[in-house]
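I have placed the structure first, in the form of structure tokens, so that the comments after it can refer back to it.
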Amino acid sequence: MARRRKNRTHLKGAGATVQRANDGEPRSFIIKHGQVGSSLTQLVRDLRKVMEPNTASRLKERNRNKLKDYLTMAPALGVTHLLALTVTDVAPSLRMVRLPAGPTLSFRVERYSLMKDILKTSRSSRSMGMEYLTAPLVVLASFPPPSPETPPHLPLLMKSFQSLFPPLSPNSMSLSNCRRIVLIAYNADRGTVEFRHYVITVKPYGISKRVRRVLEGAPKKSLANPSSGFLDLGNEKDVADFLLRKRGEPSPGSDGYESAASSASSAAGDDGDAVSLADDYVGRNNKKGQKKAVRLSEVGPRMELRLIKISEGLPGKEGAVLYHEFVKKSKAEAAALKASHVAKERLRKQRREEQESNVQRKKAEKEQGSRENQEDSDEEASDAEADESDQEAHDEWDEDEEISEVGGSDDEPGSDEEESEDEPEERPPTKKVRIRGKR
């Protein structure tokens with residue numbers, strides 16, 4: 001049996017980072033920091049749901065994690081935006097940081113509603129389907145056009161929200177991928193920004209409500225009863241009784257009649273809501289070229305934000321303040337503040353260069369010290385080898401000397417005999433022999 005060859009479909013290491021950096025889609029971290037309640041924690045989860053699939057949906061924060069940790073880690077992972085929610089003494093606060101160099105926008109959350117609150121107040125419950133596999137479309141509404149009279153912070157505010165989502169590409173975008181809309185509306189009277197999240201639905205156009213229910217089926221009210229998705233006509237003698245029942249006549253179900261206004265509006269429709277599909281869309285009978293009515297169903301969350309401050313740089317390394325809601329400075333104060341920021345940046349750059357030079361110097365000293373230690377070790381090794389060679393030569397000379405002494409004894413045999421005559425010969429003591437006899 002042949003061995004199956006495994007083809008890797010996920011890039012690892014630097015290749016994956018380069019691909020994420022080159023695809024051009026913004027990626028975000030949505031976190032909470034500090035002591036927050038359960039409602040704000042759920043709001044963080046809902047915002048992650050809105051930003052899918054280009055956000056870290058399962059990112060887990062720990063109590064010991066600081067905001068600086070995320071700012072340091074995010075650029076290495078290809079993250080372009082950081083949204084941080086926290087609680088202040090006045091109201092919840094939202095900071096939107098553009099990585100890796102800023103700017104930083106600070107908002108006050110005036111009011112907000114969670115996804116579960118919006119779904120409870122809606123007339124028809126909607127289950128979460130495949131809408132979150134593609135990024136939403138962003139719609140900017142009620143912002144003033146660029147002009148000399150327009151406040152300078154509003155264009156920057158528009159670009160900041162627009163850069164949160166992938167750019168549109170009409171030539172390569174598929175119609176079936178347009179499933180959700182994020183609405184960013186500016187309220188000039190209150191000076192706030194409204195945040196809304198909708199799901200796009202397509203309905204039949206030019207037919208009554210009852211006919212549409214026959215075509216689409218009854219809405220599913222519970223997952224426990226799968227048959228609730230089918231229209232119940234068991235108590236009707238004929239389908240015409242359901243379709244042609246007049247207003248006010250008794251019906252077996254709650255949906256057996258409809259008002260004249262709803263019937264007329266459903267049958268005639270609104271020409272502004274009707275569109276011809278340019279391509280096949282998700283859902284039943286949504287084919288290319290058919291005329292359909294487009295509806296938006298709000299799924300939440302909903303927020304009302306007030307812009308407080310726009311500053312250059314990142315939190316902790318903030319530069320000049322470009323806009324502040326409550327603090328207004330004169331031109332002289334703004335120039336002095338700008339000069340102080342320039343001086344701080346120059347000092348930071350000088351310290352960085354000095355630190356880099358110190359690192360290079362220490363590295364060079366370390367390499368030189370290692371080189372000197374290597375030379376010393378080489379010299380010690382050479383001295384040890386020289387000592388060993390001298391010892392070997394000395395040992396060879398001693399052996400030759402012993403051989404010469406032996407040779408001298410061969411040449412003068414009489415000397416040994418004389419020495420042997422002078423010295424008495426040492427003999428071992430004799431042993432006494434014991435004889436045992438019989439008594």
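Following the order of the structure tokens, first chain is A, next is B, and so on, with residues numbered from 1 inside each chain and ligands from 1 in the order they appear.
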I'd like the neighbourhood of region 110-119 of chain A as a PDB file with all heavy atoms, in the first residue's frame, where a residue qualifies if any of its atoms comes within 6 Å (using only C-alpha atoms), though same-chain residues fewer than 2 positions away should be ignored.
ATOM      1  N   ARG A 108     -15.843  58.057  24.600  1.00  0.00           N
ATOM      2  CA  ARG A 108     -16.670  57.762  25.754  1.00  0.00           C
ATOM      3  C   ARG A 108     -17.923  57.052  25.256  1.00  0.00           C
ATOM      4  O   ARG A 108     -18.618  57.544  24.365  1.00  0.00           O
ATOM      5  CB  ARG A 108     -17.044  59.027  26.501  1.00  0.00           C
ATOM      6  CG  ARG A 108     -17.968  58.776  27.699  1.00  0.00           C
ATOM      7  CD  ARG A 108     -18.550  60.070  28.236  1.00  0.00           C
ATOM      8  NE  ARG A 108     -17.511  60.937  28.754  1.00  0.00           N
ATOM      9  CZ  ARG A 108     -17.707  62.205  29.121  1.00  0.00           C
ATOM     10  NH1 ARG A 108     -18.927  62.735  28.983  1.00  0.00           N
ATOM     11  NH2 ARG A 108     -16.716  62.927  29.589  1.00  0.00           N
ATOM     12  N   THR A 121     -35.836  42.354  21.698  1.00  0.00           N
ATOM     13  CA  THR A 121     -36.805  43.378  21.311  1.00  0.00           C
ATOM     14  C   THR A 121     -37.246  43.258  19.862  1.00  0.00           C
ATOM     15  O   THR A 121     -38.181  43.952  19.455  1.00  0.00           O
ATOM     16  CB  THR A 121     -36.190  44.768  21.517  1.00  0.00           C
ATOM     17  OG1 THR A 121     -34.961  44.873  20.766  1.00  0.00           O
ATOM     18  CG2 THR A 121     -35.892  45.015  22.983  1.00  0.00           C
ATOM     19  N   SER A 122     -36.585  42.412  19.074  1.00  0.00           N
ATOM     20  CA  SER A 122     -36.971  42.279  17.669  1.00  0.00           C
ATOM     21  C   SER A 122     -38.234  41.439  17.552  1.00  0.00           C
ATOM     22  O   SER A 122     -38.526  40.578  18.388  1.00  0.00           O
ATOM     23  CB  SER A 122     -35.832  41.641  16.865  1.00  0.00           C
ATOM     24  OG  SER A 122     -35.555  40.339  17.348  1.00  0.00           O
ATOM     25  N   GLY A 300     -27.335  43.843  16.407  1.00  0.00           N
ATOM     26  CA  GLY A 300     -26.541  44.371  17.504  1.00  0.00           C
ATOM     27  C   GLY A 300     -25.075  43.990  17.386  1.00  0.00           C
ATOM     28  O   GLY A 300     -24.701  43.216  16.502  1.00  0.00           O
ATOM     29  N   PRO A 301     -24.237  44.541  18.249  1.00  0.00           N
ATOM     30  CA  PRO A 301     -24.551  45.486  19.329  1.00  0.00           C
ATOM     31  C   PRO A 301     -24.779  46.905  18.804  1.00  0.00           C
ATOM     32  O   PRO A 301     -24.517  47.191  17.635  1.00  0.00           O
ATOM     33  CB  PRO A 301     -23.309  45.422  20.209  1.00  0.00           C
ATOM     34  CG  PRO A 301     -22.213  45.115  19.246  1.00  0.00           C
ATOM     35  CD  PRO A 301     -22.802  44.220  18.214  1.00  0.00           C
ATOM     36  N   ARG A 302     -25.232  47.749  19.691  1.00  0.00           N
ATOM     37  CA  ARG A 302     -25.521  49.145  19.343  1.00  0.00           C
ATOM     38  C   ARG A 302     -24.785  50.038  20.339  1.00  0.00           C
ATOM     39  O   ARG A 302     -24.851  49.819  21.550  1.00  0.00           O
ATOM     40  CB  ARG A 302     -27.022  49.390  19.407  1.00  0.00           C
ATOM     41  CG  ARG A 302     -27.441  50.803  19.078  1.00  0.00           C
ATOM     42  CD  ARG A 302     -28.911  50.994  19.381  1.00  0.00           C
ATOM     43  NE  ARG A 302     -29.761  50.112  18.595  1.00  0.00           N
ATOM     44  CZ  ARG A 302     -31.086  50.057  18.717  1.00  0.00           C
ATOM     45  NH1 ARG A 302     -31.702  50.821  19.619  1.00  0.00           N
ATOM     46  NH2 ARG A 302     -31.791  49.234  17.968  1.00  0.00           N
ATOM     47  N   MET A 303     -24.068  51.043  19.818  1.00  0.00           N
ATOM     48  CA  MET A 303     -23.295  51.940  20.685  1.00  0.00           C
ATOM     49  C   MET A 303     -23.468  53.385  20.230  1.00  0.00           C
ATOM     50  O   MET A 303     -23.661  53.661  19.038  1.00  0.00           O
ATOM     51  CB  MET A 303     -21.801  51.581  20.657  1.00  0.00           C
ATOM     52  CG  MET A 303     -21.435  50.270  21.290  1.00  0.00           C
ATOM     53  SD  MET A 303     -19.639  50.056  21.439  1.00  0.00           S
ATOM     54  CE  MET A 303     -19.156  50.095  19.723  1.00  0.00           C
ATOM     55  N   GLU A 304     -23.390  54.264  21.191  1.00  0.00           N
ATOM     56  CA  GLU A 304     -23.333  55.705  20.941  1.00  0.00           C
ATOM     57  C   GLU A 304     -22.023  56.215  21.536  1.00  0.00           C
ATOM     58  O   GLU A 304     -21.828  56.185  22.750  1.00  0.00           O
ATOM     59  CB  GLU A 304     -24.525  56.430  21.556  1.00  0.00           C
ATOM     60  CG  GLU A 304     -24.538  57.917  21.244  1.00  0.00           C
ATOM     61  CD  GLU A 304     -25.755  58.622  21.837  1.00  0.00           C
ATOM     62  OE1 GLU A 304     -26.585  57.932  22.463  1.00  0.00           O
ATOM     63  OE2 GLU A 304     -25.848  59.861  21.682  1.00  0.00           O
ATOM     64  N   LEU A 305     -21.125  56.669  20.667  1.00  0.00           N
ATOM     65  CA  LEU A 305     -19.772  57.050  21.066  1.00  0.00           C
ATOM     66  C   LEU A 305     -19.591  58.554  20.949  1.00  0.00           C
ATOM     67  O   LEU A 305     -20.089  59.178  20.008  1.00  0.00           O
ATOM     68  CB  LEU A 305     -18.740  56.337  20.182  1.00  0.00           C
ATOM     69  CG  LEU A 305     -18.844  54.809  20.088  1.00  0.00           C
ATOM     70  CD1 LEU A 305     -17.843  54.269  19.087  1.00  0.00           C
ATOM     71  CD2 LEU A 305     -18.634  54.170  21.450  1.00  0.00           C
TER      72      LEU A 305
END
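In this model, the gap between CA of Gly24 (chain A) and CA of Asp280 (chain A) comes to 27.0 Å.
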If you run DSSP on this backbone, which residues of region 98-223 of chain A come out as strand (DSSP E or B), and could you give them as JSON, numbers by chain?
{"A": [98, 104, 105, 106, 107, 108, 109, 110, 111, 112, 113, 137, 138, 139, 140, 141, 180, 181, 182, 183, 184, 185, 186, 187, 192, 193, 194, 195, 196, 197, 198, 199, 200, 201, 202, 203, 204]}
Neighbouring residues of Ser174 (chain A) were defined as those with any atom within 12 Å, considering only C-alpha atoms; residues of the same chain fewer than 5 positions away were excluded. Please report them as a PyMOL selection string.
chain A and resi 134+168-169+179+277-282
Could you save the residues just selected, with N, CA and C atoms, as a PDB file, in the first residue's frame?
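Listing of selection.pdb after writing:
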ATOM      1  N   THR A 134     -17.661  36.011   6.426  1.00  0.00           N
ATOM      2  CA  THR A 134     -17.130  37.087   5.586  1.00  0.00           C
ATOM      3  C   THR A 134     -17.200  38.400   6.348  1.00  0.00           C
ATOM      4  N   LEU A 168     -13.378  47.684  -0.205  1.00  0.00           N
ATOM      5  CA  LEU A 168     -14.253  47.048  -1.185  1.00  0.00           C
ATOM      6  C   LEU A 168     -13.549  46.925  -2.527  1.00  0.00           C
ATOM      7  N   SER A 169     -13.803  45.796  -3.179  1.00  0.00           N
ATOM      8  CA  SER A 169     -13.266  45.558  -4.515  1.00  0.00           C
ATOM      9  C   SER A 169     -14.410  45.079  -5.391  1.00  0.00           C
ATOM     10  N   ARG A 179     -23.092  39.939   3.283  1.00  0.00           N
ATOM     11  CA  ARG A 179     -24.100  39.404   4.198  1.00  0.00           C
ATOM     12  C   ARG A 179     -24.413  40.348   5.350  1.00  0.00           C
ATOM     13  N   LEU A 277     -31.097  41.260  -8.895  1.00  0.00           N
ATOM     14  CA  LEU A 277     -29.884  40.594  -8.442  1.00  0.00           C
ATOM     15  C   LEU A 277     -28.887  40.480  -9.586  1.00  0.00           C
ATOM     16  N   ALA A 278     -27.673  40.962  -9.361  1.00  0.00           N
ATOM     17  CA  ALA A 278     -26.618  40.877 -10.371  1.00  0.00           C
ATOM     18  C   ALA A 278     -25.976  39.504 -10.422  1.00  0.00           C
ATOM     19  N   ASP A 279     -26.202  38.692  -9.380  1.00  0.00           N
ATOM     20  CA  ASP A 279     -25.639  37.348  -9.328  1.00  0.00           C
ATOM     21  C   ASP A 279     -26.482  36.522  -8.376  1.00  0.00           C
ATOM     22  N   ASP A 280     -26.258  35.230  -8.351  1.00  0.00           N
ATOM     23  CA  ASP A 280     -26.992  34.370  -7.427  1.00  0.00           C
ATOM     24  C   ASP A 280     -26.665  34.756  -5.994  1.00  0.00           C
ATOM     25  N   TYR A 281     -27.732  34.790  -5.157  1.00  0.00           N
ATOM     26  CA  TYR A 281     -27.570  35.163  -3.753  1.00  0.00           C
ATOM     27  C   TYR A 281     -28.020  34.000  -2.887  1.00  0.00           C
ATOM     28  N   VAL A 282     -27.603  34.027  -1.618  1.00  0.00           N
ATOM     29  CA  VAL A 282     -27.955  32.953  -0.701  1.00  0.00           C
ATOM     30  C   VAL A 282     -29.453  32.983  -0.437  1.00  0.00           C
TER      31      VAL A 282
END
Show which residues sit within 12 Å of region 155-159 of chain A, as a VMD selection string. Count only C-alpha atoms, and ignore same-chain residues fewer than 2 positions away.
chain A and resid 96 98 103 to 107 138 to 153 161 to 165 167 183 to 186 192 to 193 305 to 312 322 to 323
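With CA of Gly129 (chain A) on one side and CA of Ile30 (chain A) on the other, the separation reads 22.4 Å.
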